[in-house]
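A short worksheet on the structure shown next.
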Amino acid sequence: MIRSRGARIGLRLAMALGLGVIYIPLFVVLVSSFNVDRSFSWPPTRLTGHWWSITWDNAGVRSALWTSVKAGLGATSIALVLGTMVAFAVQRYKFFGRDTISLLVILPIALPGIITGIALNNAFRTVLAPFGVEMGMFTVIVGHATFCVVTVYNNVLARLRRMGLNVEEASADLGADTFQTFRYVTFPLLRSALLAGGLLSFALSFDEIIVTTFTAGAGVQTLPIWIFNNLFRPNQAPIVNVVAAALIVLSVVPIYLAQRISGDDARVI
């Protein structure tokens, strides 16, 4: 308990400064998306919603958006399966190297993105290229799944630790077999953790640019890649602002939902 008035004021100022560093640039992007000028001039002389309607009619933006959605859904699907299986193995069984496996699963999200991207690029060219598999959507999805697995793994592992084995043992005592116990007991208790992990995984994949740069082929362009490629084109400045603003909103929604789901479920359990 902090009783010093000076300490409380200092902490509040530090909090305000931290939030300002994070959210003021995002606010500038949002306002700039309504700027009537074609440049990145600040402050805006007048606001308009004209660029938003133009952006939606842009075929390149729609194509990049759909590519990001497909990559996010694919990576999230892989992460849900692999992350859940590894979490069950680590939590429910004791075996040699269990802690090492847990570390190896978490490590990709801690590594710099450029290191992960270079490693994946070399691996794909060495392993997949001889079989005729070129860089494309498949390699992007696999690349994104390497760090999306972590969010699912952490969520499921935390839920399994809170659940314990009592309810599953009670189900077995009542005559339920393994699959019935999983269907009627384990899965309903894990459902919100899986949903939260999936939402976070999709948000991570949707925003990823570094790993995508090293794993995408010539014909694959996600929304972050489209923004980067058009950032310094004068005629595209208003559209880039709108896409960046929309990307901020689209990224906040799944993270907010995941936080609400995890928080509500923690209070129930």
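By convention in this document, the chains of the structure tokens carry letters A, B, ... by their order, each chain's residues are numbered from 1, and ligands are numbered from 1 in the order they are shown.
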Region 71-81 of chain A: which residues within 8 Å, counting only C-alpha atoms, same-chain residues fewer than 6 positions away excluded, as a compact mmCIF listing (two decimals) with all heavy atoms, in the first residue's frame?
```txt
# COMPACT_ATOMS: atom_id res chain seq x y z
N MET A 137 1.14 -18.55 -49.62
CA MET A 137 0.22 -18.49 -48.50
C MET A 137 0.51 -19.57 -47.46
O MET A 137 0.42 -19.33 -46.25
CB MET A 137 -1.22 -18.61 -49.00
CG MET A 137 -2.28 -18.59 -47.91
SD MET A 137 -2.26 -17.06 -46.92
CE MET A 137 -2.86 -15.90 -48.14
N VAL A 140 3.40 -18.53 -45.29
CA VAL A 140 2.99 -17.43 -44.40
C VAL A 140 2.20 -17.97 -43.20
O VAL A 140 2.44 -17.59 -42.06
CB VAL A 140 2.15 -16.40 -45.18
CG1 VAL A 140 1.52 -15.38 -44.22
CG2 VAL A 140 3.01 -15.67 -46.20
N ILE A 141 1.26 -18.87 -43.47
CA ILE A 141 0.45 -19.43 -42.40
C ILE A 141 1.32 -20.20 -41.40
O ILE A 141 1.18 -20.06 -40.18
CB ILE A 141 -0.64 -20.34 -42.99
CG1 ILE A 141 -1.68 -19.49 -43.73
CG2 ILE A 141 -1.32 -21.17 -41.90
CD1 ILE A 141 -2.73 -20.31 -44.46
N VAL A 142 2.23 -21.02 -41.91
CA VAL A 142 3.12 -21.78 -41.03
C VAL A 142 4.00 -20.83 -40.22
O VAL A 142 4.22 -21.03 -39.02
CB VAL A 142 3.98 -22.77 -41.84
CG1 VAL A 142 5.02 -23.44 -40.95
CG2 VAL A 142 3.10 -23.82 -42.49
N HIS A 144 3.37 -17.70 -39.33
CA HIS A 144 2.56 -17.05 -38.30
C HIS A 144 2.20 -18.02 -37.18
O HIS A 144 2.13 -17.63 -36.00
CB HIS A 144 1.28 -16.48 -38.91
CG HIS A 144 1.52 -15.28 -39.77
ND1 HIS A 144 0.49 -14.49 -40.24
CD2 HIS A 144 2.66 -14.73 -40.23
CE1 HIS A 144 1.00 -13.51 -40.95
NE2 HIS A 144 2.31 -13.64 -40.97
N ALA A 145 1.97 -19.27 -37.52
CA ALA A 145 1.57 -20.25 -36.51
C ALA A 145 2.67 -20.49 -35.48
O ALA A 145 2.37 -20.86 -34.34
CB ALA A 145 1.19 -21.57 -37.18
N THR A 146 3.93 -20.26 -35.85
CA THR A 146 5.02 -20.52 -34.91
C THR A 146 4.92 -19.66 -33.65
O THR A 146 5.29 -20.12 -32.57
CB THR A 146 6.39 -20.26 -35.58
OG1 THR A 146 6.44 -18.91 -36.06
CG2 THR A 146 6.60 -21.22 -36.74
N CYS A 148 1.87 -17.85 -32.96
CA CYS A 148 0.48 -17.90 -32.51
C CYS A 148 0.24 -19.06 -31.55
O CYS A 148 -0.64 -18.99 -30.68
CB CYS A 148 -0.46 -18.00 -33.71
SG CYS A 148 -0.57 -16.50 -34.71
N VAL A 149 0.99 -20.14 -31.71
CA VAL A 149 0.86 -21.30 -30.82
C VAL A 149 1.06 -20.88 -29.37
O VAL A 149 0.42 -21.41 -28.46
CB VAL A 149 1.88 -22.39 -31.21
CG1 VAL A 149 1.99 -23.46 -30.13
CG2 VAL A 149 1.47 -23.04 -32.52
N VAL A 150 1.93 -19.91 -29.14
CA VAL A 150 2.26 -19.50 -27.77
C VAL A 150 1.04 -18.97 -27.04
O VAL A 150 0.82 -19.28 -25.86
CB VAL A 150 3.38 -18.44 -27.79
CG1 VAL A 150 3.76 -18.03 -26.37
CG2 VAL A 150 4.60 -18.95 -28.53
N VAL A 152 -2.18 -19.58 -27.53
CA VAL A 152 -3.10 -20.67 -27.21
C VAL A 152 -2.53 -21.54 -26.10
O VAL A 152 -3.23 -21.91 -25.15
CB VAL A 152 -3.39 -21.52 -28.46
CG1 VAL A 152 -4.29 -22.71 -28.11
CG2 VAL A 152 -4.06 -20.67 -29.54
N LEU A 194 -9.85 -21.33 -25.06
CA LEU A 194 -9.55 -21.55 -26.47
C LEU A 194 -9.99 -20.35 -27.31
O LEU A 194 -9.28 -19.93 -28.23
CB LEU A 194 -10.26 -22.81 -26.96
CG LEU A 194 -9.73 -24.14 -26.40
CD1 LEU A 194 -10.67 -25.29 -26.80
CD2 LEU A 194 -8.33 -24.41 -26.89
N GLY A 197 -7.55 -17.47 -26.61
CA GLY A 197 -6.28 -17.73 -27.28
C GLY A 197 -6.39 -17.60 -28.79
O GLY A 197 -5.49 -17.08 -29.45
N GLY A 198 -7.52 -18.05 -29.36
CA GLY A 198 -7.72 -17.92 -30.79
C GLY A 198 -7.83 -16.47 -31.23
O GLY A 198 -7.28 -16.08 -32.27
N SER A 201 -4.40 -14.95 -31.11
CA SER A 201 -3.60 -15.48 -32.21
C SER A 201 -3.96 -14.79 -33.52
O SER A 201 -3.08 -14.41 -34.30
CB SER A 201 -3.81 -16.98 -32.34
OG SER A 201 -3.35 -17.66 -31.20
N PHE A 202 -5.25 -14.62 -33.77
CA PHE A 202 -5.68 -13.96 -35.00
C PHE A 202 -5.18 -12.52 -35.04
O PHE A 202 -4.73 -12.04 -36.10
CB PHE A 202 -7.20 -13.99 -35.11
CG PHE A 202 -7.72 -13.40 -36.38
CD1 PHE A 202 -7.77 -14.15 -37.54
CD2 PHE A 202 -8.17 -12.09 -36.42
CE1 PHE A 202 -8.24 -13.60 -38.73
CE2 PHE A 202 -8.65 -11.52 -37.59
CZ PHE A 202 -8.69 -12.28 -38.75
N ALA A 203 -5.25 -11.82 -33.90
CA ALA A 203 -4.77 -10.43 -33.86
C ALA A 203 -3.28 -10.35 -34.13
O ALA A 203 -2.81 -9.47 -34.86
CB ALA A 203 -5.10 -9.83 -32.49
N SER A 205 -1.44 -12.51 -35.85
CA SER A 205 -1.21 -12.84 -37.25
C SER A 205 -1.63 -11.70 -38.17
O SER A 205 -0.93 -11.38 -39.14
CB SER A 205 -1.97 -14.12 -37.61
OG SER A 205 -1.89 -14.38 -39.00
N PHE A 206 -2.75 -11.07 -37.87
CA PHE A 206 -3.28 -10.02 -38.72
C PHE A 206 -2.32 -8.83 -38.79
O PHE A 206 -2.23 -8.16 -39.84
CB PHE A 206 -4.64 -9.57 -38.18
CG PHE A 206 -5.46 -8.81 -39.17
CD1 PHE A 206 -6.25 -9.48 -40.09
CD2 PHE A 206 -5.45 -7.43 -39.19
CE1 PHE A 206 -7.01 -8.77 -41.01
CE2 PHE A 206 -6.20 -6.72 -40.11
CZ PHE A 206 -6.99 -7.39 -41.02
```
Using DSSP on the backbone, list every residue of region 88-135 of chain A that comes out as helix (DSSP H, G or I), and give them as a PyMOL selection string.
chain A and resi 88-92+98-110+113-131
List as a PDB file with N, CA, C and O atoms, in the first residue's frame the protein and nucleic acid residues near Leu247 (chain A), meaning an atom at most 12 Å away when only C-alpha atoms are counted, but skip any in the same chain fewer than 2 places from it.
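Generated file (part.pdb):
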```pdb
ATOM      1  N   LEU A  26      -1.385   6.723 -32.063  1.00  0.00           N
ATOM      2  CA  LEU A  26      -2.548   6.057 -32.642  1.00  0.00           C
ATOM      3  C   LEU A  26      -3.677   7.055 -32.884  1.00  0.00           C
ATOM      4  O   LEU A  26      -4.375   6.983 -33.904  1.00  0.00           O
ATOM      5  N   VAL A  29      -2.991   8.992 -36.037  1.00  0.00           N
ATOM      6  CA  VAL A  29      -3.321   8.217 -37.232  1.00  0.00           C
ATOM      7  C   VAL A  29      -4.821   8.242 -37.493  1.00  0.00           C
ATOM      8  O   VAL A  29      -5.270   8.416 -38.633  1.00  0.00           O
ATOM      9  N   LEU A  30      -5.615   8.059 -36.440  1.00  0.00           N
ATOM     10  CA  LEU A  30      -7.063   8.059 -36.605  1.00  0.00           C
ATOM     11  C   LEU A  30      -7.571   9.401 -37.138  1.00  0.00           C
ATOM     12  O   LEU A  30      -8.407   9.452 -38.048  1.00  0.00           O
ATOM     13  N   SER A  33      -6.715  10.048 -40.810  1.00  0.00           N
ATOM     14  CA  SER A  33      -7.518   9.329 -41.797  1.00  0.00           C
ATOM     15  C   SER A  33      -8.724  10.150 -42.257  1.00  0.00           C
ATOM     16  O   SER A  33      -9.333   9.824 -43.280  1.00  0.00           O
ATOM     17  N   VAL A  61      -6.509  -2.875 -51.630  1.00  0.00           N
ATOM     18  CA  VAL A  61      -6.780  -2.941 -50.192  1.00  0.00           C
ATOM     19  C   VAL A  61      -7.667  -4.134 -49.869  1.00  0.00           C
ATOM     20  O   VAL A  61      -7.407  -4.878 -48.911  1.00  0.00           O
ATOM     21  N   ALA A  64      -5.624  -7.343 -50.161  1.00  0.00           N
ATOM     22  CA  ALA A  64      -4.693  -7.491 -49.043  1.00  0.00           C
ATOM     23  C   ALA A  64      -5.429  -7.835 -47.751  1.00  0.00           C
ATOM     24  O   ALA A  64      -4.949  -8.636 -46.940  1.00  0.00           O
ATOM     25  N   LEU A  65      -6.611  -7.236 -47.564  1.00  0.00           N
ATOM     26  CA  LEU A  65      -7.408  -7.533 -46.375  1.00  0.00           C
ATOM     27  C   LEU A  65      -7.826  -9.002 -46.357  1.00  0.00           C
ATOM     28  O   LEU A  65      -7.711  -9.684 -45.314  1.00  0.00           O
ATOM     29  N   SER A  68      -4.900 -11.210 -45.474  1.00  0.00           N
ATOM     30  CA  SER A  68      -4.603 -11.180 -44.031  1.00  0.00           C
ATOM     31  C   SER A  68      -5.596 -12.026 -43.246  1.00  0.00           C
ATOM     32  O   SER A  68      -5.227 -12.721 -42.296  1.00  0.00           O
ATOM     33  N   VAL A  69      -6.867 -11.962 -43.647  1.00  0.00           N
ATOM     34  CA  VAL A  69      -7.885 -12.769 -42.965  1.00  0.00           C
ATOM     35  C   VAL A  69      -7.609 -14.255 -43.153  1.00  0.00           C
ATOM     36  O   VAL A  69      -7.674 -15.045 -42.201  1.00  0.00           O
ATOM     37  N   ALA A 203      -5.249 -11.824 -33.901  1.00  0.00           N
ATOM     38  CA  ALA A 203      -4.771 -10.434 -33.856  1.00  0.00           C
ATOM     39  C   ALA A 203      -3.275 -10.354 -34.130  1.00  0.00           C
ATOM     40  O   ALA A 203      -2.811  -9.475 -34.861  1.00  0.00           O
ATOM     41  N   LEU A 204      -2.498 -11.276 -33.562  1.00  0.00           N
ATOM     42  CA  LEU A 204      -1.053 -11.287 -33.800  1.00  0.00           C
ATOM     43  C   LEU A 204      -0.746 -11.545 -35.273  1.00  0.00           C
ATOM     44  O   LEU A 204       0.110 -10.888 -35.869  1.00  0.00           O
ATOM     45  N   PHE A 206      -2.746 -11.072 -37.866  1.00  0.00           N
ATOM     46  CA  PHE A 206      -3.277 -10.019 -38.720  1.00  0.00           C
ATOM     47  C   PHE A 206      -2.325  -8.826 -38.794  1.00  0.00           C
ATOM     48  O   PHE A 206      -2.230  -8.165 -39.840  1.00  0.00           O
ATOM     49  N   ASP A 207      -1.606  -8.546 -37.712  1.00  0.00           N
ATOM     50  CA  ASP A 207      -0.714  -7.389 -37.661  1.00  0.00           C
ATOM     51  C   ASP A 207       0.710  -7.689 -38.086  1.00  0.00           C
ATOM     52  O   ASP A 207       1.521  -6.766 -38.221  1.00  0.00           O
ATOM     53  N   GLU A 208       1.064  -8.946 -38.260  1.00  0.00           N
ATOM     54  CA  GLU A 208       2.467  -9.324 -38.478  1.00  0.00           C
ATOM     55  C   GLU A 208       2.986  -8.840 -39.827  1.00  0.00           C
ATOM     56  O   GLU A 208       2.322  -8.965 -40.848  1.00  0.00           O
ATOM     57  N   THR A 222      -0.159  -9.159 -47.637  1.00  0.00           N
ATOM     58  CA  THR A 222      -1.099  -8.936 -46.540  1.00  0.00           C
ATOM     59  C   THR A 222      -1.322  -7.436 -46.350  1.00  0.00           C
ATOM     60  O   THR A 222      -0.628  -6.615 -46.961  1.00  0.00           O
ATOM     61  N   LEU A 223      -2.257  -7.084 -45.485  1.00  0.00           N
ATOM     62  CA  LEU A 223      -2.577  -5.674 -45.286  1.00  0.00           C
ATOM     63  C   LEU A 223      -1.399  -4.882 -44.714  1.00  0.00           C
ATOM     64  O   LEU A 223      -1.108  -3.769 -45.195  1.00  0.00           O
ATOM     65  N   PRO A 224      -0.678  -5.370 -43.700  1.00  0.00           N
ATOM     66  CA  PRO A 224       0.502  -4.620 -43.237  1.00  0.00           C
ATOM     67  C   PRO A 224       1.556  -4.446 -44.328  1.00  0.00           C
ATOM     68  O   PRO A 224       2.195  -3.392 -44.406  1.00  0.00           O
ATOM     69  N   TRP A 226       0.943  -4.266 -47.539  1.00  0.00           N
ATOM     70  CA  TRP A 226       0.405  -3.259 -48.457  1.00  0.00           C
ATOM     71  C   TRP A 226       0.647  -1.858 -47.908  1.00  0.00           C
ATOM     72  O   TRP A 226       1.026  -0.944 -48.655  1.00  0.00           O
ATOM     73  N   ILE A 227       0.424  -1.667 -46.610  1.00  0.00           N
ATOM     74  CA  ILE A 227       0.656  -0.351 -45.993  1.00  0.00           C
ATOM     75  C   ILE A 227       2.114   0.065 -46.156  1.00  0.00           C
ATOM     76  O   ILE A 227       2.418   1.207 -46.530  1.00  0.00           O
ATOM     77  N   VAL A 240      -3.545   5.157 -47.145  1.00  0.00           N
ATOM     78  CA  VAL A 240      -2.701   4.521 -46.131  1.00  0.00           C
ATOM     79  C   VAL A 240      -3.163   4.910 -44.731  1.00  0.00           C
ATOM     80  O   VAL A 240      -3.217   4.079 -43.826  1.00  0.00           O
ATOM     81  N   ASN A 241      -3.500   6.180 -44.552  1.00  0.00           N
ATOM     82  CA  ASN A 241      -4.005   6.629 -43.253  1.00  0.00           C
ATOM     83  C   ASN A 241      -5.284   5.895 -42.871  1.00  0.00           C
ATOM     84  O   ASN A 241      -5.461   5.478 -41.717  1.00  0.00           O
ATOM     85  N   VAL A 242      -6.188   5.750 -43.813  1.00  0.00           N
ATOM     86  CA  VAL A 242      -7.456   5.074 -43.538  1.00  0.00           C
ATOM     87  C   VAL A 242      -7.220   3.604 -43.212  1.00  0.00           C
ATOM     88  O   VAL A 242      -7.787   3.064 -42.256  1.00  0.00           O
ATOM     89  N   VAL A 243      -6.374   2.934 -44.008  1.00  0.00           N
ATOM     90  CA  VAL A 243      -6.097   1.518 -43.762  1.00  0.00           C
ATOM     91  C   VAL A 243      -5.436   1.333 -42.407  1.00  0.00           C
ATOM     92  O   VAL A 243      -5.764   0.394 -41.662  1.00  0.00           O
ATOM     93  N   ALA A 244      -4.497   2.211 -42.056  1.00  0.00           N
ATOM     94  CA  ALA A 244      -3.841   2.120 -40.752  1.00  0.00           C
ATOM     95  C   ALA A 244      -4.841   2.324 -39.619  1.00  0.00           C
ATOM     96  O   ALA A 244      -4.802   1.614 -38.602  1.00  0.00           O
ATOM     97  N   ALA A 245      -5.748   3.283 -39.788  1.00  0.00           N
ATOM     98  CA  ALA A 245      -6.768   3.514 -38.762  1.00  0.00           C
ATOM     99  C   ALA A 245      -7.683   2.314 -38.622  1.00  0.00           C
ATOM    100  O   ALA A 245      -8.021   1.891 -37.501  1.00  0.00           O
ATOM    101  N   VAL A 249      -8.355  -0.378 -35.300  1.00  0.00           N
ATOM    102  CA  VAL A 249      -9.656  -0.789 -34.768  1.00  0.00           C
ATOM    103  C   VAL A 249      -9.818  -2.300 -34.831  1.00  0.00           C
ATOM    104  O   VAL A 249     -10.248  -2.953 -33.870  1.00  0.00           O
ATOM    105  N   LEU A 250      -9.456  -2.894 -35.978  1.00  0.00           N
ATOM    106  CA  LEU A 250      -9.595  -4.336 -36.141  1.00  0.00           C
ATOM    107  C   LEU A 250      -8.695  -5.110 -35.187  1.00  0.00           C
ATOM    108  O   LEU A 250      -9.022  -6.238 -34.799  1.00  0.00           O
ATOM    109  N   SER A 251      -7.564  -4.529 -34.804  1.00  0.00           N
ATOM    110  CA  SER A 251      -6.662  -5.192 -33.869  1.00  0.00           C
ATOM    111  C   SER A 251      -7.153  -5.086 -32.440  1.00  0.00           C
ATOM    112  O   SER A 251      -6.945  -5.997 -31.632  1.00  0.00           O
ATOM    113  N   VAL A 252      -7.798  -3.971 -32.120  1.00  0.00           N
ATOM    114  CA  VAL A 252      -8.273  -3.769 -30.747  1.00  0.00           C
ATOM    115  C   VAL A 252      -9.430  -4.707 -30.418  1.00  0.00           C
ATOM    116  O   VAL A 252      -9.514  -5.234 -29.300  1.00  0.00           O
ATOM    117  N   VAL A 253     -10.309  -4.954 -31.376  1.00  0.00           N
ATOM    118  CA  VAL A 253     -11.521  -5.738 -31.109  1.00  0.00           C
ATOM    119  C   VAL A 253     -11.220  -7.146 -30.587  1.00  0.00           C
ATOM    120  O   VAL A 253     -11.710  -7.533 -29.521  1.00  0.00           O
ATOM    121  N   PRO A 254     -10.413  -7.973 -31.288  1.00  0.00           N
ATOM    122  CA  PRO A 254     -10.160  -9.312 -30.753  1.00  0.00           C
ATOM    123  C   PRO A 254      -9.406  -9.309 -29.430  1.00  0.00           C
ATOM    124  O   PRO A 254      -9.654 -10.164 -28.571  1.00  0.00           O
TER     125      PRO A 254
END
```
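Distances from A:Thr151, A:Phe34, A:Leu103, A:Arg92 to Glu168 (chain A) were compared using only C-alpha atoms, and the smallest one belongs to A:Arg92.
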Residue nearest Leu195 (chain A) among A:Gln180, A:Ala158, A:Gln259, A:Arg98 (counting only C-alpha atoms):
A:Gln259
How many Å lie between CA of Ile101 (chain A) and CA of Thr84 (chain A), rounded to one decimal?
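Calculated distance between CA of Ile101 (chain A) and CA of Thr84 (chain A) is 13.8 Å.
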Quick one: distance from CA of Val31 (chain A) to CA of Val211 (chain A) in Å, one decimal?
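CA of Val211 (chain A) lies at a distance of 29.1 Å from CA of Val31 (chain A).
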Residues within 10 Å of Met163 (chain A), only C-alpha atoms, excluding chain neighbours under 5 positions, as a list in words
Leu157, Ala158, Glu168, Thr186, Leu189, Leu190 and Ile269 of chain A
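As for CA of Lys70 (chain A) and CA of Phe138 (chain A), they are spaced 10.3 Å apart.
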Identify which of the residues A:Asn58, A:Thr126, A:Thr139, A:Thr100 lies closest to Gly217 (chain A), counting only C-alpha atoms when measuring atom-to-atom distances.
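Among A:Asn58, A:Thr126, A:Thr139, A:Thr100, it is A:Thr139 that comes nearest to Gly217 (chain A).
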